[in-house]
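Visitor: Structure file data.cif (mmCIF, C-alpha atoms) right here:
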data_start
loop_
_atom_site.group_PDB
_atom_site.id
_atom_site.type_symbol
_atom_site.label_atom_id
_atom_site.label_comp_id
_atom_site.auth_asym_id
_atom_site.auth_seq_id
_atom_site.Cartn_x
_atom_site.Cartn_y
_atom_site.Cartn_z
ATOM 1 C CA MET A 211 -13.244 -32.329 12.795
ATOM 2 C CA THR A 212 -13.379 -28.888 11.173
ATOM 3 C CA ALA A 213 -14.516 -28.275 7.620
ATOM 4 C CA PRO A 214 -11.731 -27.564 5.134
ATOM 5 C CA THR A 215 -11.276 -23.906 4.232
ATOM 6 C CA PRO A 216 -11.659 -22.823 0.584
ATOM 7 C CA SER A 217 -7.876 -22.454 0.352
ATOM 8 C CA ALA A 218 -7.385 -26.067 1.413
ATOM 9 C CA ALA A 219 -10.007 -28.056 -0.514
ATOM 10 C CA GLY A 220 -12.280 -28.095 -3.516
ATOM 11 C CA ARG A 221 -12.085 -26.260 -6.813
ATOM 12 C CA VAL A 222 -11.378 -22.896 -5.179
ATOM 13 C CA GLY A 223 -8.502 -24.552 -3.346
ATOM 14 C CA LEU A 224 -7.126 -25.996 -6.569
ATOM 15 C CA LEU A 225 -7.271 -22.618 -8.310
ATOM 16 C CA ARG A 226 -5.691 -20.977 -5.253
ATOM 17 C CA ARG A 227 -2.834 -23.499 -5.227
ATOM 18 C CA GLN A 228 -2.282 -22.878 -8.939
ATOM 19 C CA PHE A 229 -2.254 -19.125 -8.302
ATOM 20 C CA ASP A 230 0.193 -19.526 -5.399
ATOM 21 C CA LEU A 231 2.554 -21.559 -7.606
ATOM 22 C CA THR A 232 2.343 -18.962 -10.367
ATOM 23 C CA TRP A 233 2.963 -16.161 -7.889
ATOM 24 C CA SER A 234 5.993 -17.919 -6.412
ATOM 25 C CA LEU A 235 7.505 -18.164 -9.901
ATOM 26 C CA PHE A 236 6.704 -14.482 -10.492
ATOM 27 C CA GLU A 237 8.139 -13.460 -7.123
ATOM 28 C CA TYR A 238 11.439 -15.101 -8.114
ATOM 29 C CA HIS A 239 11.797 -12.457 -10.827
ATOM 30 C CA LEU A 240 10.234 -9.580 -8.890
ATOM 31 C CA GLU A 241 12.837 -9.994 -6.135
ATOM 32 C CA ARG A 242 15.625 -9.671 -8.687
ATOM 33 C CA LEU A 243 14.356 -6.696 -10.703
ATOM 34 C CA VAL A 244 16.292 -3.456 -10.433
ATOM 35 C CA PRO A 245 14.878 -0.058 -11.459
ATOM 36 C CA GLU A 246 16.982 -0.038 -14.633
ATOM 37 C CA ASP A 247 15.246 -3.233 -15.841
ATOM 38 C CA PHE A 248 11.850 -1.566 -16.192
ATOM 39 C CA LEU A 249 12.427 0.840 -19.074
ATOM 40 C CA TRP A 250 15.143 -1.149 -20.857
ATOM 41 C CA GLU A 251 14.174 -1.539 -24.503
ATOM 42 C CA PRO A 252 15.327 -4.910 -25.846
ATOM 43 C CA ALA A 253 14.534 -4.175 -29.525
ATOM 44 C CA PRO A 254 14.049 -1.204 -31.841
ATOM 45 C CA LEU A 255 10.276 -1.772 -31.902
ATOM 46 C CA CYS A 256 9.096 -1.610 -28.265
ATOM 47 C CA TRP A 257 6.048 -0.769 -26.237
ATOM 48 C CA THR A 258 6.960 1.006 -23.043
ATOM 49 C CA LEU A 259 5.691 3.779 -20.784
ATOM 50 C CA ARG A 260 6.507 7.414 -21.419
ATOM 51 C CA ARG A 261 6.136 10.516 -19.278
ATOM 52 C CA SER A 262 3.192 12.743 -20.131
ATOM 53 C CA PRO A 263 3.591 16.537 -19.955
ATOM 54 C CA GLU A 264 1.842 16.327 -16.546
ATOM 55 C CA GLY A 265 4.420 13.806 -15.292
ATOM 56 C CA SER A 266 2.336 10.623 -15.211
ATOM 57 C CA TRP A 267 3.393 7.490 -17.060
ATOM 58 C CA VAL A 268 1.448 6.696 -20.241
ATOM 59 C CA PRO A 269 1.627 3.242 -21.858
ATOM 60 C CA ASP A 270 2.103 2.789 -25.578
ATOM 61 C CA TRP A 271 -1.169 1.432 -26.936
ATOM 62 C CA ALA A 272 -2.987 0.604 -30.159
ATOM 63 C CA ASP A 273 -6.662 -0.329 -30.386
ATOM 64 C CA THR A 274 -5.773 -2.779 -33.152
ATOM 65 C CA GLU A 275 -2.755 -4.984 -32.515
ATOM 66 C CA PRO A 276 0.076 -3.890 -34.806
ATOM 67 C CA ASP A 277 1.944 -6.265 -37.086
ATOM 68 C CA PRO A 278 4.647 -6.892 -36.082
ATOM 69 C CA VAL A 279 3.723 -6.756 -32.421
ATOM 70 C CA PRO A 280 6.145 -4.511 -30.494
ATOM 71 C CA VAL A 281 8.301 -6.115 -27.825
ATOM 72 C CA PRO A 282 7.079 -4.880 -24.433
ATOM 73 C CA THR A 283 9.382 -3.560 -21.750
ATOM 74 C CA VAL A 284 9.159 -4.736 -18.134
ATOM 75 C CA ALA A 285 7.469 -1.401 -17.419
ATOM 76 C CA TRP A 286 4.787 -2.064 -20.042
ATOM 77 C CA VAL A 287 4.152 -5.647 -18.906
ATOM 78 C CA SER A 288 3.953 -4.579 -15.260
ATOM 79 C CA TRP A 289 1.460 -1.828 -16.175
ATOM 80 C CA HIS A 290 -0.484 -4.388 -18.237
ATOM 81 C CA ILE A 291 -0.706 -6.709 -15.218
ATOM 82 C CA GLY A 292 -1.873 -3.842 -13.051
ATOM 83 C CA TRP A 293 -4.464 -2.875 -15.648
ATOM 84 C CA TRP A 294 -6.081 -6.272 -16.235
ATOM 85 C CA TRP A 295 -5.870 -7.231 -12.554
ATOM 86 C CA SER A 296 -7.403 -3.973 -11.336
ATOM 87 C CA VAL A 297 -10.258 -4.259 -13.828
ATOM 88 C CA THR A 298 -10.792 -7.933 -12.957
ATOM 89 C CA LEU A 299 -10.996 -7.019 -9.274
ATOM 90 C CA ASP A 300 -13.484 -4.243 -10.087
ATOM 91 C CA HIS A 301 -15.706 -6.729 -11.924
ATOM 92 C CA ALA A 302 -15.323 -9.414 -9.261
ATOM 93 C CA ARG A 303 -16.391 -6.950 -6.549
ATOM 94 C CA GLY A 304 -19.321 -5.671 -8.584
ATOM 95 C CA GLU A 305 -17.751 -2.217 -8.930
ATOM 96 C CA ARG A 306 -17.594 0.013 -11.990
ATOM 97 C CA PRO A 307 -14.610 -1.231 -13.962
ATOM 98 C CA ARG A 308 -11.961 1.403 -14.470
ATOM 99 C CA GLU A 309 -10.974 2.465 -17.950
ATOM 100 C CA ARG A 310 -7.538 1.508 -19.224
ATOM 101 C CA THR A 311 -6.463 5.164 -19.018
ATOM 102 C CA GLU A 312 -7.393 5.293 -15.314
ATOM 103 C CA ILE A 313 -4.813 2.648 -14.397
ATOM 104 C CA LEU A 314 -1.628 4.524 -13.592
ATOM 105 C CA TRP A 315 1.798 2.906 -13.484
ATOM 106 C CA PRO A 316 3.597 4.015 -10.309
ATOM 107 C CA GLY A 317 7.139 4.007 -11.745
ATOM 108 C CA ALA A 318 10.236 1.853 -11.987
ATOM 109 C CA GLY A 319 11.420 -0.270 -9.104
ATOM 110 C CA GLU A 320 9.863 -0.486 -5.665
ATOM 111 C CA PRO A 321 6.692 1.531 -6.421
ATOM 112 C CA THR A 322 5.613 -1.009 -9.044
ATOM 113 C CA LEU A 323 6.680 -4.007 -6.957
ATOM 114 C CA THR A 324 4.597 -2.670 -4.064
ATOM 115 C CA TRP A 325 1.621 -2.128 -6.406
ATOM 116 C CA LEU A 326 1.778 -5.649 -7.840
ATOM 117 C CA ARG A 327 2.090 -7.187 -4.381
ATOM 118 C CA PHE A 328 -0.876 -5.088 -3.214
ATOM 119 C CA LEU A 329 -2.952 -6.429 -6.126
ATOM 120 C CA ARG A 330 -1.964 -9.957 -5.092
ATOM 121 C CA THR A 331 -3.157 -9.264 -1.539
ATOM 122 C CA GLU A 332 -6.450 -7.874 -2.854
ATOM 123 C CA TRP A 333 -6.912 -10.881 -5.144
ATOM 124 C CA LEU A 334 -6.258 -13.347 -2.316
ATOM 125 C CA ALA A 335 -8.763 -11.522 -0.124
ATOM 126 C CA HIS A 336 -11.322 -11.933 -2.908
ATOM 127 C CA LEU A 337 -10.478 -15.617 -3.382
ATOM 128 C CA ASP A 338 -10.992 -16.176 0.335
ATOM 129 C CA THR A 339 -14.619 -15.049 -0.038
ATOM 130 C CA LEU A 340 -15.442 -17.614 -2.722
ATOM 131 C CA THR A 341 -16.978 -21.054 -2.364
ATOM 132 C CA ASP A 342 -17.019 -23.813 -4.914
ATOM 133 C CA ALA A 343 -20.677 -22.951 -5.621
ATOM 134 C CA ASP A 344 -19.620 -19.364 -6.481
ATOM 135 C CA LEU A 345 -17.396 -20.727 -9.231
ATOM 136 C CA ASP A 346 -20.444 -21.831 -11.217
ATOM 137 C CA THR A 347 -21.926 -18.322 -11.457
ATOM 138 C CA LEU A 348 -21.596 -16.162 -14.559
ATOM 139 C CA ALA A 349 -18.175 -14.580 -15.026
ATOM 140 C CA PRO A 350 -18.350 -10.799 -14.990
ATOM 141 C CA PHE A 351 -15.041 -10.522 -16.871
ATOM 142 C CA PRO A 352 -13.271 -10.932 -19.291
ATOM 143 C CA TRP A 353 -16.223 -12.398 -21.200
ATOM 144 C CA PRO A 354 -19.166 -10.144 -20.322
ATOM 145 C CA ASP A 355 -22.624 -11.653 -20.656
ATOM 146 C CA ASP A 356 -21.316 -14.966 -21.994
ATOM 147 C CA PRO A 357 -23.125 -17.735 -20.105
ATOM 148 C CA SER A 358 -20.551 -20.312 -21.167
ATOM 149 C CA HIS A 359 -17.904 -18.686 -18.933
ATOM 150 C CA THR A 360 -18.104 -18.898 -15.164
ATOM 151 C CA LYS A 361 -16.142 -17.401 -12.292
ATOM 152 C CA ALA A 362 -14.073 -20.589 -12.375
ATOM 153 C CA HIS A 363 -13.049 -19.638 -15.907
ATOM 154 C CA MET A 364 -12.228 -16.114 -14.709
ATOM 155 C CA LEU A 365 -9.985 -17.422 -11.917
ATOM 156 C CA ALA A 366 -8.257 -19.810 -14.317
ATOM 157 C CA TRP A 367 -7.793 -16.934 -16.786
ATOM 158 C CA VAL A 368 -6.139 -14.797 -14.075
ATOM 159 C CA ASN A 369 -3.756 -17.664 -13.316
ATOM 160 C CA ALA A 370 -2.898 -18.143 -16.999
ATOM 161 C CA GLU A 371 -2.528 -14.418 -17.723
ATOM 162 C CA LEU A 372 -0.311 -13.921 -14.670
ATOM 163 C CA MET A 373 1.819 -16.937 -15.619
ATOM 164 C CA LYS A 374 2.290 -15.595 -19.155
ATOM 165 C CA ASN A 375 3.144 -12.078 -17.942
ATOM 166 C CA ALA A 376 5.497 -13.430 -15.258
ATOM 167 C CA ALA A 377 7.350 -15.409 -17.929
ATOM 168 C CA GLU A 378 7.597 -12.301 -20.118
ATOM 169 C CA ILE A 379 9.049 -10.225 -17.281
ATOM 170 C CA GLY A 380 11.417 -13.043 -16.339
ATOM 171 C CA GLN A 381 12.678 -13.388 -19.896
ATOM 172 C CA LEU A 382 13.165 -9.638 -20.257
ATOM 173 C CA ARG A 383 15.054 -9.521 -16.948
ATOM 174 C CA LEU A 384 17.303 -12.389 -18.023
ATOM 175 C CA LEU A 385 17.953 -10.850 -21.443
ATOM 176 C CA ARG A 386 18.953 -7.529 -19.931
ATOM 177 C CA ALA A 387 21.226 -9.242 -17.387
ATOM 178 C CA ALA A 388 22.906 -11.213 -20.186
ATOM 179 C CA SER A 389 23.374 -8.193 -22.479
#
Give the structure from the file, written as structure tokens.
Guide:
Amino acid sequence: MTAPTPSAAGRVGLLRRQFDLTWSLFEYHLERLVPEDFLWEPAPLCWTLRRSPEGSWVPDWADTEPDPVPVPTVAWVSWHIGWWWSVTLDHARGERPRERTEILWPGAGEPTLTWLRFLRTEWLAHLDTLTDADLDTLAPFPWPDDPSHTKAHMLAWVNAELMKNAAEIGQLRLLRAAS
């Protein structure tokens, strides 16, 4: 009898199954996005991405959350996913975390879908290195130096953040299709 792999048993397995479910719900919307969905602005007050004079995409941003909170576009939410996921991976690997301004959105349509799927692949590769014992170690992110948060909390946070962002993109896609 062989020992169960982390993806099949234990707490890592449970978090992996939760991630896989979340990703399958996200993939449902990713498969249906068209390039025109990304920069569609559903309300007068929106956060989106805009071209810089150099040609790169720059996200709308405020260091203090505005009131009212702007409605994000699919482009903004997809950049946001890429930002928090890239930085989480940096922390998880023990690398210098990139600054928000270093995370570049690749553009509407297939470039962003490829980027998000690449981040998924990188995340799964990281999950495959973890054991249940690893989950009890201090979380490097998003709560630095807080001993009450472990890597298990970090993995659960990724699942929750991805689920929330997937729902936002799905709702925006459905609203645009219905308008």
Visitor: Box in all listed atoms of region 267-280 of chain A, axis-aligned, with 3 Å more on each side; write out centre and edge lengths in Å to one decimal as AutoDock Vina command-line options.
Guide:
--center_x -0.3 --center_y 0.3 --center_z -27.1 --size_x 18.8 --size_y 20.4 --size_z 26.0
Visitor: On this structure, which residues satisfy the PyMOL selection byres ((chain A and resi 297-310) around 8), written as a short mmCIF file (atom, residue, chain, number, x, y, z; two decimals) with C-alpha atoms, keeping the file's coordinate frame?
Guide:
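Wrote it out as selection15.cif, contents follow:
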data_model
loop_
_atom_site.label_atom_id
_atom_site.label_comp_id
_atom_site.auth_asym_id
_atom_site.auth_seq_id
_atom_site.Cartn_x
_atom_site.Cartn_y
_atom_site.Cartn_z
CA TRP A 293 -4.46 -2.88 -15.65
CA TRP A 294 -6.08 -6.27 -16.24
CA TRP A 295 -5.87 -7.23 -12.55
CA SER A 296 -7.40 -3.97 -11.34
CA THR A 311 -6.46 5.16 -19.02
CA GLU A 312 -7.39 5.29 -15.31
CA ILE A 313 -4.81 2.65 -14.40
CA GLU A 332 -6.45 -7.87 -2.85
CA TRP A 333 -6.91 -10.88 -5.14
CA HIS A 336 -11.32 -11.93 -2.91
CA PRO A 350 -18.35 -10.80 -14.99
CA PHE A 351 -15.04 -10.52 -16.87
CA PRO A 352 -13.27 -10.93 -19.29
#
Visitor: Select, from A:Glu264, A:Val287, A:Phe248, A:Cys256, the residue with the minimum atom-to-atom distance to Glu378 (chain A), counting all atoms listed in the file.
Guide: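 Among the listed residues, A:Val287 lies closest to Glu378 (chain A).
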Visitor: Which is closer to Leu372 (chain A) than all the others in A:Ser288, A:Leu255, A:Arg242, A:Ser389, using all atoms listed in the file?
Guide: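 When distances to Leu372 (chain A) are compared using all atoms listed in the file, the smallest one comes from A:Ser288.
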Visitor: I'd like the residues picked by the PyMOL selection byres ((chain A and resi 345) around 9) written out as a JSON list (two decimals) with C-alpha atoms, in the frame of the given file, using the chain letters and numbers from the file.
Guide:
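Contents of the output file out.json:
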[["chain", "number", "residue", "atom", "x", "y", "z"],
["A", 221, "ARG", "CA", -12.08, -26.26, -6.81],
["A", 222, "VAL", "CA", -11.38, -22.90, -5.18],
["A", 340, "LEU", "CA", -15.44, -17.61, -2.72],
["A", 341, "THR", "CA", -16.98, -21.05, -2.36],
["A", 342, "ASP", "CA", -17.02, -23.81, -4.91],
["A", 343, "ALA", "CA", -20.68, -22.95, -5.62],
["A", 344, "ASP", "CA", -19.62, -19.36, -6.48],
["A", 346, "ASP", "CA", -20.44, -21.83, -11.22],
["A", 347, "THR", "CA", -21.93, -18.32, -11.46],
["A", 348, "LEU", "CA", -21.60, -16.16, -14.56],
["A", 349, "ALA", "CA", -18.18, -14.58, -15.03],
["A", 360, "THR", "CA", -18.10, -18.90, -15.16],
["A", 361, "LYS", "CA", -16.14, -17.40, -12.29],
["A", 362, "ALA", "CA", -14.07, -20.59, -12.38],
["A", 363, "HIS", "CA", -13.05, -19.64, -15.91],
["A", 364, "MET", "CA", -12.23, -16.11, -14.71],
["A", 365, "LEU", "CA", -9.98, -17.42, -11.92]]
Visitor: Suppose a student applies the PyMOL selection byres ((chain A and resi 284) around 10) to this structure; what residues should they get, written as a ChimeraX atom specification?
Guide: /A:243,245-252,257-259,281-283,285-290,318,375-376,378-383
Visitor: What gap, in Å, lies between CA of Phe328 (chain A) and CA of Gly292 (chain A)?
Guide: 10.0 Å
Visitor: Nearest residue to Gly317 (chain A) out of A:Asn369, A:Gln228, A:Ser266, A:Ser234, using all atoms listed in the file?
Guide: A:Ser266
